[in-house]
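This report refers to the structure that appears directly beneath it.
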Amino acid sequence: MSAPERAGGIRALTASWRPAEIGLVALRVVAVVTVLVGVPHYPDSAAHRFYDIAHHPGVPWRDTPVEYAIGDYVVIRAVGWGSLSLARGLLAVVAFVADLVAWRAVRHGWGRDAALRYLWLGAPLLIFIYRRSDLVPVALAALALAWARRDRERAGRIALAATVLTKVWPLVVAPALALERRTRVLATAAIAAAAGLAAWIAIGGVGALRQVGTFRGSTGWEIGSTIGVPVWALTGQHRFEEGANRSGTIPRGAPEALLLATVATVTAVWLLARRRDEVPAGAPAMAAVAALLAFAPVFSPQYVAWLLPWAAVAGGDGRRWTWLGAAPVIITGALVTIWYVDVDLGPGANQLVLGARNLSVIVIVVVYLVEALRGRRA
């Protein structure tokens with residue numbers, strides 16, 4: 001391809017962009033450059049952890065505890081092999097690329113308006129999200145559903161299997177494929193994921209699953225979780241345990257009860273969605289992810305990024321309440337910005353803001369279920 005042809009291709013690509021898209025993508029370029037240049041007092045806990053894991057001798061999960069699944073471990077090895085500063089830079093580039101991939105996936109699957117909403121929704125998180133790897137499974141999940149929707153089923157199967165082997169949360173949006181009548185994608189992806197799981201167990205042993213499920217055997221509630229916030233407020237104490245600030249002690253049987261509640265709520269969401277005329281990757285997927293976050297014993301700030309594609313799609317269906325998906329994102333972005341500029345809110349204010357974020361997530365689930373039940377009775 002000649003240089004004029006390449007230039008024409010670039011012009012043709014950008015000519016269809018709206019000014020808002022150009023500005024929001026430019027904002028992302030500024031965000032990734034900021035990380036690459038390096039701001040010393042900004043925390044890089046993920047880069048530190050990835051560097052430690054990548055440089056630790058022996059077999060992961062067997063010789064050293066690792067709280068990441070095998071898909072995440074591939075990312076860790078890709079970014080953590082060099083120096084700590086290189087790990088920070090590579091992680092930023094990976095997250096930035098994943099962000100753009102998710103944006104294009106939303107555009108490919110659900111149109112330009114949804115893609116623009118994705119860019120707007122993700123903007124409050126730019127202060128920190130390129131210092132985490134959570135946009136990788138977001139991009140893979142969005143690609144899986146978008147490709148399946150556009151009849152690229154083989155690519156969708158691969159993306160979905162890779163997503164599930166990276167994080168567990170995309171399982172709650174997978175039923176959208178059944179509602180889209182893409183059951184072949186689900187079946188093939190399940191087989192591929194099972195093969196990947198078998199390979200992971202062969203490498204790390206059965207204990208690898210426990211390490212990931214319990215975050216290396218943590219015993220306390222993460223202080224940002226739905227239960228962790230009130231526990232922190234009541235006890236007035238927290239500690240740093242296995243990579244996160246935690247409070248109290250998780251009682252025996254509580255994780256199983258929360259898992260059961262999550263499964264029951266997510267199942268209810270999708271059973272109700274089956275009878276409704278709506279885009280499965282929109283409000284139902286957003287409500288399913290919100291349910292997972294509401295019952296999770298860990299709710300780190302970056303987890304709100306899991307809502308982005310589905311909130312973007314849901315925002316176009318004409319129902320005002322679907323914009324509730326922006327609330328936890330905006331609250332999280334504002335709170336982390338305050339942390340990053342070294343403003344000390346104190347425990348009480350932090351608890352109030354985190355509680356408001358968690359309440360907004362719960363409201364998404366409740367509103368969807370109430371609306372769906374009312375529609376069913378009508």
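Quick note on naming: the chains in the structure tokens go A, B, ... in the order shown, residues restart at 1 in each chain, and ligands are numbered from 1 in order of appearance.
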
If we count only C-alpha atoms and set the cut-off at 12 Å, which residues sit around A:Asn350, ignoring sequence neighbours fewer than 2 positions away in its own chain? Please answer as a VMD selection string. chain A and resid 223 to 224 229 to 230 232 to 233 331 to 332 334 to 336 338 to 339 343 to 348 352 to 357

Non-local contacts of stretch 312-319 of chain A (10 Å; only C-alpha atoms; under 4 positions in same chain excluded) as a compact mmCIF listing (two decimals) with C-alpha atoms, in the first residue's frame:
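Listed below is the output, around-v1.txt:
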```
# COMPACT_ATOMS: atom_id res chain seq x y z
CA TRP A 103 -14.76 1.35 22.38
CA VAL A 106 -19.17 -1.30 21.27
CA ARG A 107 -19.31 0.71 18.06
CA GLY A 109 -21.82 -4.22 17.93
CA TRP A 110 -24.25 -1.51 18.95
CA GLY A 111 -23.53 1.62 16.95
CA ASP A 113 -24.05 6.48 19.80
CA ALA A 114 -23.33 3.62 22.20
CA ALA A 115 -19.61 3.93 21.43
CA LEU A 116 -19.68 7.65 22.21
CA ARG A 117 -21.45 6.93 25.48
CA TYR A 118 -18.71 4.43 26.30
CA LEU A 119 -16.07 7.13 25.86
CA TRP A 120 -18.00 9.57 28.05
CA LEU A 121 -18.69 6.99 30.76
CA GLY A 122 -15.06 5.92 30.98
CA GLU A 278 -34.61 -5.11 24.93
CA VAL A 279 -30.98 -5.40 23.91
CA PRO A 280 -29.49 -8.20 26.06
CA ALA A 281 -26.09 -6.51 26.22
CA GLY A 282 -27.71 -3.36 27.61
CA ALA A 283 -29.79 -3.10 30.77
CA PRO A 284 -29.83 -6.84 31.60
CA ALA A 285 -26.05 -7.16 31.32
CA MET A 286 -25.56 -3.97 33.34
CA ALA A 287 -27.89 -5.24 36.06
CA LEU A 307 -20.04 -1.77 33.88
CA LEU A 308 -18.85 0.46 31.04
CA TRP A 323 -28.19 6.28 33.12
CA LEU A 324 -27.80 5.11 36.70
CA GLY A 325 -24.93 3.09 35.28
CA ALA A 326 -22.93 6.32 35.22
```

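Considering only C-alpha atoms, the residue among A:Val361, A:Pro60, A:Glu256, A:Val263 positioned nearest to A:Val172 is A:Val263.
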
Taking only residues of stretch 92-160 of chain A that have an atom at most 7 Å from an atom of stretch 27-38 of chain A, what is each one's shortest atom pair and its distance in Å to one decimal, using only C-alpha atoms, in chain and number order, as a tab-separated table?
```
residue	atom	partner	partner_atom	distance
A:Ala92	CA	A:Val32	CA	6.0
A:Val93	CA	A:Val32	CA	6.9
A:Phe96	CA	A:Val32	CA	6.6
A:Leu126	CA	A:Ala31	CA	6.2
A:Ile127	CA	A:Ala31	CA	7.0
A:Tyr130	CA	A:Val32	CA	6.6
```

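When the distance limit is 12 Å and only C-alpha atoms are what count, the residues near A:Gly217, minus those fewer than 2 positions from it on the same chain, are Pro65, Val66, Glu67, Gly207, Ala208, Leu209, Arg210, Gln211, Val212, Gly213, Thr214, Phe215, Thr219, Gly220, Trp221, Glu241, Glu242, Gly243, Thr249 and Ile250 of chain A.
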
Report as an mmCIF file with N, CA and C atoms, in the first residue's frame: the residues of stretch 175-288 of chain A with a DSSP assignment of strand (DSSP E), based on the backbone of this structure.
```cif
data_model
loop_
_atom_site.group_PDB
_atom_site.id
_atom_site.type_symbol
_atom_site.label_atom_id
_atom_site.label_comp_id
_atom_site.auth_asym_id
_atom_site.auth_seq_id
_atom_site.Cartn_x
_atom_site.Cartn_y
_atom_site.Cartn_z
ATOM 1 N N TRP A 221 -13.024 -8.421 55.129
ATOM 2 C CA TRP A 221 -13.821 -7.771 54.091
ATOM 3 C C TRP A 221 -13.027 -6.611 53.506
ATOM 4 N N GLU A 222 -12.952 -6.531 52.216
ATOM 5 C CA GLU A 222 -12.317 -5.361 51.594
ATOM 6 C C GLU A 222 -13.155 -4.142 51.945
ATOM 7 N N ARG A 239 -6.981 -2.954 58.125
ATOM 8 C CA ARG A 239 -5.602 -3.409 58.006
ATOM 9 C C ARG A 239 -5.291 -3.703 56.540
ATOM 10 N N PHE A 240 -4.035 -3.693 56.205
ATOM 11 C CA PHE A 240 -3.623 -4.054 54.846
ATOM 12 C C PHE A 240 -3.308 -5.544 54.828
ATOM 13 N N GLU A 241 -4.086 -6.278 54.043
ATOM 14 C CA GLU A 241 -3.961 -7.732 54.002
ATOM 15 C C GLU A 241 -4.021 -8.219 52.562
ATOM 16 N N ALA A 244 -4.816 -5.519 49.770
ATOM 17 C CA ALA A 244 -5.983 -4.642 49.884
ATOM 18 C C ALA A 244 -6.227 -4.278 51.340
ATOM 19 N N ASN A 245 -6.875 -3.133 51.556
ATOM 20 C CA ASN A 245 -7.282 -2.739 52.897
ATOM 21 C C ASN A 245 -8.545 -3.498 53.275
ATOM 22 N N ARG A 246 -8.520 -4.144 54.432
ATOM 23 C CA ARG A 246 -9.632 -4.995 54.857
ATOM 24 C C ARG A 246 -10.007 -4.697 56.303
ATOM 25 N N SER A 247 -11.231 -5.063 56.625
ATOM 26 C CA SER A 247 -11.729 -4.829 57.975
ATOM 27 C C SER A 247 -12.515 -6.048 58.435
#
```

Near A:Ala264, within 12 Å and counting only C-alpha atoms, which residues show up once chain neighbours fewer than 4 positions away are dropped, as an NGL selection string? :A and (172 or 257-260 or 268-271 or 288 or 291-292 or 295)

Provide the atom CA of A:Arg132 to atom CA of A:Ala46 distance in Å, to one decimal place. 6.0 Å

Residue among A:Trp147, A:Trp169, A:Tyr68, A:Tyr73 lying closest to A:Tyr303, counting only C-alpha atoms: A:Trp169

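Distances from A:Pro328, A:Gly23, A:Gly156, A:Gly58 to A:Ser360 were compared using only C-alpha atoms, and the smallest one belongs to A:Pro328.
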
Selection near A:Leu165, 12 Å with only C-alpha atoms, sequence-local residues under 3 positions removed, as a PyMOL selection string: chain A and resi 68-75+136-137+140-141+158-162+168-171+189-201+209+212
